[in-house]
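> Dropping in protein_15.cif, with mmCIF, C-alpha atoms.
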```
data_upload
loop_
_atom_site.label_atom_id
_atom_site.label_comp_id
_atom_site.auth_asym_id
_atom_site.auth_seq_id
_atom_site.Cartn_x
_atom_site.Cartn_y
_atom_site.Cartn_z
CA MET Z 151 -29.69 -15.93 17.52
CA ILE Z 152 -26.00 -16.45 18.29
CA GLU Z 153 -23.62 -17.10 15.42
CA ARG Z 154 -20.18 -18.44 16.34
CA ARG Z 155 -17.36 -17.03 14.24
CA GLY Z 156 -14.38 -19.27 14.84
CA PHE Z 157 -10.96 -17.65 15.13
CA ASP Z 158 -9.47 -19.94 12.49
CA GLY Z 159 -12.10 -18.77 9.97
CA LEU Z 160 -11.49 -15.03 10.41
CA GLY Z 161 -9.92 -12.90 7.71
CA GLY Z 162 -6.43 -11.63 8.32
CA ALA Z 163 -3.01 -10.56 7.17
CA ASP Z 164 0.59 -11.10 8.24
CA HIS Z 165 2.75 -8.01 7.70
CA GLY Z 166 5.68 -9.33 9.70
CA TRP Z 167 5.55 -6.67 12.40
CA LEU Z 168 1.74 -7.00 12.52
CA LYS Z 169 -0.30 -10.19 12.61
CA ALA Z 170 -3.97 -9.25 12.27
CA ARG Z 171 -7.25 -11.15 12.31
CA HIS Z 172 -10.47 -9.38 11.29
CA HIS Z 173 -13.91 -10.31 12.62
CA PHE Z 174 -15.42 -8.01 9.96
CA SER Z 175 -14.38 -6.89 6.48
CA PHE Z 176 -11.31 -4.71 6.79
CA ALA Z 177 -8.46 -3.60 4.51
CA SER Z 178 -7.69 -6.42 2.05
CA TYR Z 179 -10.17 -8.81 3.71
CA TYR Z 180 -13.56 -8.43 2.04
CA GLU Z 181 -16.53 -10.53 3.09
CA PRO Z 182 -19.90 -9.01 2.08
CA LYS Z 183 -21.71 -10.98 4.80
CA ARG Z 184 -19.46 -9.45 7.45
CA MET Z 185 -19.49 -5.73 6.70
CA GLY Z 186 -20.53 -4.96 10.26
CA TRP Z 187 -22.95 -5.93 13.01
CA GLY Z 188 -25.44 -3.15 13.68
CA PRO Z 189 -23.24 -0.08 14.29
CA ILE Z 190 -20.21 -2.25 15.09
CA ARG Z 191 -17.98 -1.87 12.04
CA VAL Z 192 -14.57 -3.30 12.98
CA TRP Z 193 -13.19 -5.79 15.49
CA ASN Z 194 -9.51 -6.41 14.82
CA ASP Z 195 -7.38 -8.88 16.77
CA ASP Z 196 -3.85 -7.48 16.40
CA GLU Z 197 -0.43 -8.75 17.49
CA ILE Z 198 2.20 -6.00 17.21
CA ALA Z 199 5.90 -6.85 17.31
CA PRO Z 200 8.23 -5.02 19.73
CA ASN Z 201 9.44 -1.58 18.67
CA SER Z 202 7.00 -1.30 15.79
CA GLY Z 203 3.52 0.04 15.17
CA PHE Z 204 1.17 2.13 13.10
CA PRO Z 205 2.68 5.43 11.88
CA PRO Z 206 0.52 8.57 11.80
CA HIS Z 207 -2.69 8.10 9.79
CA PRO Z 208 -6.09 9.84 9.66
CA HIS Z 209 -9.54 8.89 10.95
CA ALA Z 210 -12.91 10.65 10.90
CA ASP Z 211 -16.45 9.89 12.09
CA MET Z 212 -15.70 6.74 14.07
CA GLU Z 213 -15.52 5.72 17.72
CA ILE Z 214 -12.32 3.67 18.10
CA ILE Z 215 -11.85 1.61 21.26
CA THR Z 216 -8.56 -0.17 21.96
CA TYR Z 217 -8.54 -2.96 24.55
CA VAL Z 218 -5.02 -4.05 25.46
CA ARG Z 219 -4.76 -7.81 26.08
CA ASP Z 220 -0.99 -8.14 26.56
CA GLY Z 221 1.84 -5.63 26.67
CA ALA Z 222 1.14 -1.94 26.14
CA ILE Z 223 0.31 0.49 23.35
CA THR Z 224 1.62 4.07 23.12
CA HIS Z 225 -0.65 6.66 21.49
CA GLN Z 226 0.24 9.99 19.87
CA ASP Z 227 -2.17 12.26 17.99
CA SER Z 228 -2.53 15.57 16.20
CA LEU Z 229 -4.24 17.13 19.23
CA GLY Z 230 -1.04 16.69 21.22
CA ASN Z 231 -2.31 13.78 23.30
CA THR Z 232 0.15 11.07 24.29
CA GLY Z 233 -0.41 8.05 26.49
CA ARG Z 234 0.66 4.49 27.25
CA THR Z 235 -2.15 1.99 27.84
CA GLU Z 236 -1.28 -1.30 29.54
CA ALA Z 237 -2.81 -4.78 29.48
CA GLY Z 238 -6.40 -4.86 30.71
CA ASP Z 239 -6.82 -1.12 30.23
CA VAL Z 240 -8.67 0.80 27.53
CA GLN Z 241 -8.25 3.85 25.32
CA VAL Z 242 -10.96 5.57 23.30
CA MET Z 243 -10.65 7.95 20.37
CA SER Z 244 -13.65 9.84 19.01
CA ALA Z 245 -12.38 10.75 15.55
CA GLY Z 246 -15.12 13.31 14.94
CA SER Z 247 -14.39 15.79 12.16
CA GLY Z 248 -10.88 14.38 11.75
CA ILE Z 249 -7.74 13.42 13.64
CA ARG Z 250 -4.36 11.88 12.89
CA HIS Z 251 -2.85 9.42 15.32
CA ALA Z 252 -0.08 6.85 15.68
CA GLU Z 253 0.03 3.72 17.83
CA TYR Z 254 3.32 2.04 18.72
CA ASN Z 255 4.49 -0.95 20.69
CA LEU Z 256 7.54 0.48 22.40
CA GLU Z 257 7.86 -2.56 24.67
CA SER Z 258 10.34 -5.44 24.50
CA ASP Z 259 7.56 -8.04 24.05
CA THR Z 260 4.64 -8.49 21.65
CA THR Z 261 1.58 -6.33 22.31
CA ARG Z 262 -1.83 -7.84 21.68
CA ILE Z 263 -4.93 -5.69 21.32
CA PHE Z 264 -8.54 -5.75 20.27
CA GLN Z 265 -9.39 -2.64 18.27
CA ILE Z 266 -13.11 -2.02 17.93
CA TRP Z 267 -14.74 0.60 15.72
CA ILE Z 268 -18.34 1.68 16.28
CA GLU Z 269 -20.19 4.14 14.08
CA PRO Z 270 -21.09 7.37 15.92
CA ALA Z 271 -24.65 8.56 16.42
CA LYS Z 272 -23.76 11.82 14.61
CA THR Z 273 -20.96 12.74 12.26
CA GLY Z 274 -18.56 15.61 12.84
CA GLY Z 275 -17.75 17.24 16.15
CA ALA Z 276 -14.43 17.94 17.78
CA PRO Z 277 -12.14 14.89 18.01
CA ALA Z 278 -11.16 13.59 21.44
CA TRP Z 279 -9.01 10.92 23.10
CA GLY Z 280 -8.89 9.36 26.55
CA ALA Z 281 -7.56 6.32 28.40
CA LYS Z 282 -8.26 4.69 31.74
CA PRO Z 283 -7.06 1.72 33.83
CA PHE Z 284 -9.64 -0.97 34.61
CA PRO Z 285 -8.21 -3.42 37.18
CA LYS Z 286 -9.21 -6.96 36.31
CA GLY Z 287 -10.04 -7.66 39.96
CA ASP Z 288 -12.86 -5.12 39.80
CA ARG Z 289 -14.59 -7.15 37.06
CA SER Z 290 -14.12 -10.57 38.61
CA GLY Z 291 -17.29 -12.60 38.09
CA ARG Z 292 -19.21 -9.76 36.42
CA PHE Z 293 -19.26 -7.36 33.51
CA VAL Z 294 -17.94 -3.84 34.06
CA THR Z 295 -18.62 -1.05 31.56
CA LEU Z 296 -15.35 0.19 30.05
CA ALA Z 297 -16.67 2.64 27.44
CA SER Z 298 -20.19 3.92 27.02
CA GLY Z 299 -22.40 6.33 25.12
CA TYR Z 300 -24.83 6.54 28.06
CA ALA Z 301 -24.59 9.40 30.55
CA GLU Z 302 -25.38 7.18 33.55
CA ASP Z 303 -22.15 5.19 33.04
CA THR Z 304 -20.08 7.80 34.82
CA GLU Z 305 -17.07 5.52 35.49
CA ALA Z 306 -16.67 4.50 31.83
CA LEU Z 307 -14.77 6.23 29.06
CA PRO Z 308 -17.25 8.24 26.94
CA ILE Z 309 -18.09 7.33 23.35
CA ARG Z 310 -20.54 9.08 21.02
CA THR Z 311 -22.86 6.23 20.17
CA PRO Z 312 -25.60 4.29 22.00
CA ALA Z 313 -23.40 1.35 22.92
CA ARG Z 314 -21.40 -0.14 25.76
CA VAL Z 315 -18.05 -1.90 25.70
CA LEU Z 316 -17.78 -4.23 28.69
CA GLY Z 317 -15.19 -6.54 30.22
CA ALA Z 318 -15.39 -9.46 32.64
CA THR Z 319 -13.08 -12.07 34.12
CA LEU Z 320 -14.47 -15.46 35.15
CA LYS Z 321 -12.77 -18.32 36.93
CA ALA Z 322 -13.40 -21.85 35.68
CA GLY Z 323 -16.91 -22.89 36.69
CA GLU Z 324 -18.17 -19.35 37.34
CA THR Z 325 -21.34 -18.09 35.62
CA THR Z 326 -22.49 -14.56 34.95
CA GLU Z 327 -25.53 -13.13 33.19
CA TYR Z 328 -26.07 -10.03 31.07
CA ALA Z 329 -29.42 -8.60 29.92
CA LEU Z 330 -29.85 -7.54 26.30
CA ALA Z 331 -32.40 -5.62 24.25
CA PRO Z 332 -33.50 -8.21 21.65
CA ALA Z 333 -33.53 -5.61 18.85
CA GLY Z 334 -29.90 -4.65 19.51
CA HIS Z 335 -26.66 -6.13 18.25
CA ALA Z 336 -24.02 -7.56 20.57
CA TYR Z 337 -20.63 -9.09 19.85
CA LEU Z 338 -18.71 -11.18 22.37
CA VAL Z 339 -15.11 -12.43 22.26
CA PRO Z 340 -13.21 -14.36 24.93
CA ALA Z 341 -9.77 -12.73 24.93
CA LYS Z 342 -8.56 -15.67 26.98
CA GLY Z 343 -10.13 -18.95 28.01
CA ARG Z 344 -13.05 -21.08 26.87
CA ILE Z 345 -16.68 -20.31 27.64
CA GLU Z 346 -20.24 -21.42 27.04
CA VAL Z 347 -22.77 -18.73 26.15
CA ASN Z 348 -26.44 -19.75 26.08
CA GLY Z 349 -25.29 -23.31 25.44
CA LEU Z 350 -22.83 -22.44 22.64
CA THR Z 351 -19.12 -23.08 23.22
CA LEU Z 352 -16.58 -20.40 22.30
CA GLU Z 353 -12.84 -20.97 22.24
CA THR Z 354 -10.24 -18.27 22.87
CA ARG Z 355 -10.58 -15.40 20.34
CA ASP Z 356 -13.72 -16.81 18.69
CA GLY Z 357 -16.46 -14.25 18.07
CA ALA Z 358 -20.17 -14.50 18.78
CA ALA Z 359 -22.57 -12.28 16.81
CA ILE Z 360 -25.73 -11.92 18.88
CA THR Z 361 -29.18 -10.50 18.18
CA GLY Z 362 -32.75 -11.36 19.16
CA GLU Z 363 -31.65 -12.52 22.64
CA THR Z 364 -32.98 -11.05 25.89
CA ALA Z 365 -30.12 -12.33 28.07
CA LEU Z 366 -26.75 -14.02 27.97
CA THR Z 367 -25.81 -16.74 30.43
CA ILE Z 368 -22.05 -17.23 30.29
CA THR Z 369 -20.17 -20.02 32.05
CA ALA Z 370 -16.39 -20.22 32.07
CA LEU Z 371 -15.13 -23.68 31.14
CA GLU Z 372 -11.65 -22.44 32.12
CA ASP Z 373 -10.33 -19.16 33.52
CA SER Z 374 -11.51 -16.55 31.00
CA GLU Z 375 -11.30 -12.87 30.08
CA LEU Z 376 -14.25 -11.52 28.08
CA VAL Z 377 -14.95 -8.42 25.98
CA LEU Z 378 -18.52 -7.62 24.96
CA VAL Z 379 -19.99 -4.81 22.86
CA ASP Z 380 -23.69 -4.16 23.39
CA ALA Z 381 -24.96 -1.77 20.70
CA ALA Z 382 -28.43 -0.40 19.95
#
```
Is it possible to give me this structure as structure tokens?


Amino acid sequence: MIERRGFDGLGGADHGWLKARHHFSFASYYEPKRMGWGPIRVWNDDEIAPNSGFPPHPHADMEIITYVRDGAITHQDSLGNTGRTEAGDVQVMSAGSGIRHAEYNLESDTTRIFQIWIEPAKTGGAPAWGAKPFPKGDRSGRFVTLASGYAEDTEALPIRTPARVLGATLKAGETTEYALAPAGHAYLVPAKGRIEVNGLTLETRDGAAITGETALTITALEDSELVLVDAA
């Protein structure tokens, strides 16, 4: 089963400095049929104005993955970590027993991110943060694991849940495949471009909620950049 969730039908809010769309219930957007997808709890599509951002605020017991689509995001947290993550790259925060962090767009142009929250396998534990560049050329025509809760994914950023966050870039006409466990829950969004997945067309920033499938066959109808979460 693949359910298309069109971008225009997503919840959202416009705070001036922040224009947000929510694939799942979040903040003032409440949709009981979209409280999550398996352990995937949040997928926010955020546009952050220059020289603005989220001031310090707390999190606990959540794996928070930030995929930067355009611009850059600067992170600061109560552990003393600081970092600037650029377009195409990823940062991960395991909130664990509790952490405070801030995220700012200190750039001169709008920053666009996907922020994805996945429930951890266990609550508590020491909080942690990390970031890593993932050159788009390395994922040309195929999915590359960006963050993972599996020990064998040694090149990915670690998260504390049985899930993978993956990225791919496809040129128009290219096709790639990805195997799934049918009992799992996957969620796919084209950050850029237009694609067909198992015969279903997705436009830029549409979501696809997937379960009961053994494989995805994805064809780019135009040059595309994809983000996929594959969760147990």

> Compare Z:Ile198, Z:Ser175, Z:Val315, Z:Leu256 by their minimum atom-to-atom distance to Z:Gln241, counting all atoms listed in the file, and give me the closest one.

Z:Val315

> For Z:Glu269, which residue among Z:Ala381, Z:Ala322, Z:Ile223, Z:Leu307 is the nearest when counting only C-alpha atoms?

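Distance minimum relative to Z:Glu269 lands on Z:Ala381.
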
> To verify the selection step, state as JSON, numbers by chain which residues the PyMOL selection byres ((chain Z and resi 337-348) around 8) yields on this input.

{"Z": [187, 219, 335, 336, 349, 350, 351, 352, 353, 354, 355, 356, 357, 358, 359, 360, 366, 367, 368, 369, 370, 371, 372, 373, 374, 375, 376, 377, 378, 379, 380]}

> Quick one: distance from atom CA of Z:Phe176 to atom CA of Z:Gly156 in Å, one decimal?

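Calculated distance between atom CA of Z:Phe176 and atom CA of Z:Gly156 is 16.9 Å.
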
> Applying 6 Å and all atoms listed in the file, which residues near Z:Ala222 remain after dropping the ones on its own chain fewer than 5 positions away? List them as a ChimeraX atom specification.

/Z:235-237,261

> Could those selected residues go to a file with C-alpha atoms, as a compact mmCIF listing (two decimals), in the frame of the given file?


```txt
# COMPACT_ATOMS: atom_id res chain seq x y z
CA THR Z 235 -2.15 1.99 27.84
CA GLU Z 236 -1.28 -1.30 29.54
CA ALA Z 237 -2.81 -4.78 29.48
CA THR Z 261 1.58 -6.33 22.31
```

> List the residues selected by the PyMOL selection byres ((chain Z and resi 280) around 6) in the file shown, writing them as a list in words.

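The output of the PyMOL selection byres ((chain Z and resi 280) around 6) on this file is Gln241, Val242, Trp279 and Ala281 of chain Z.
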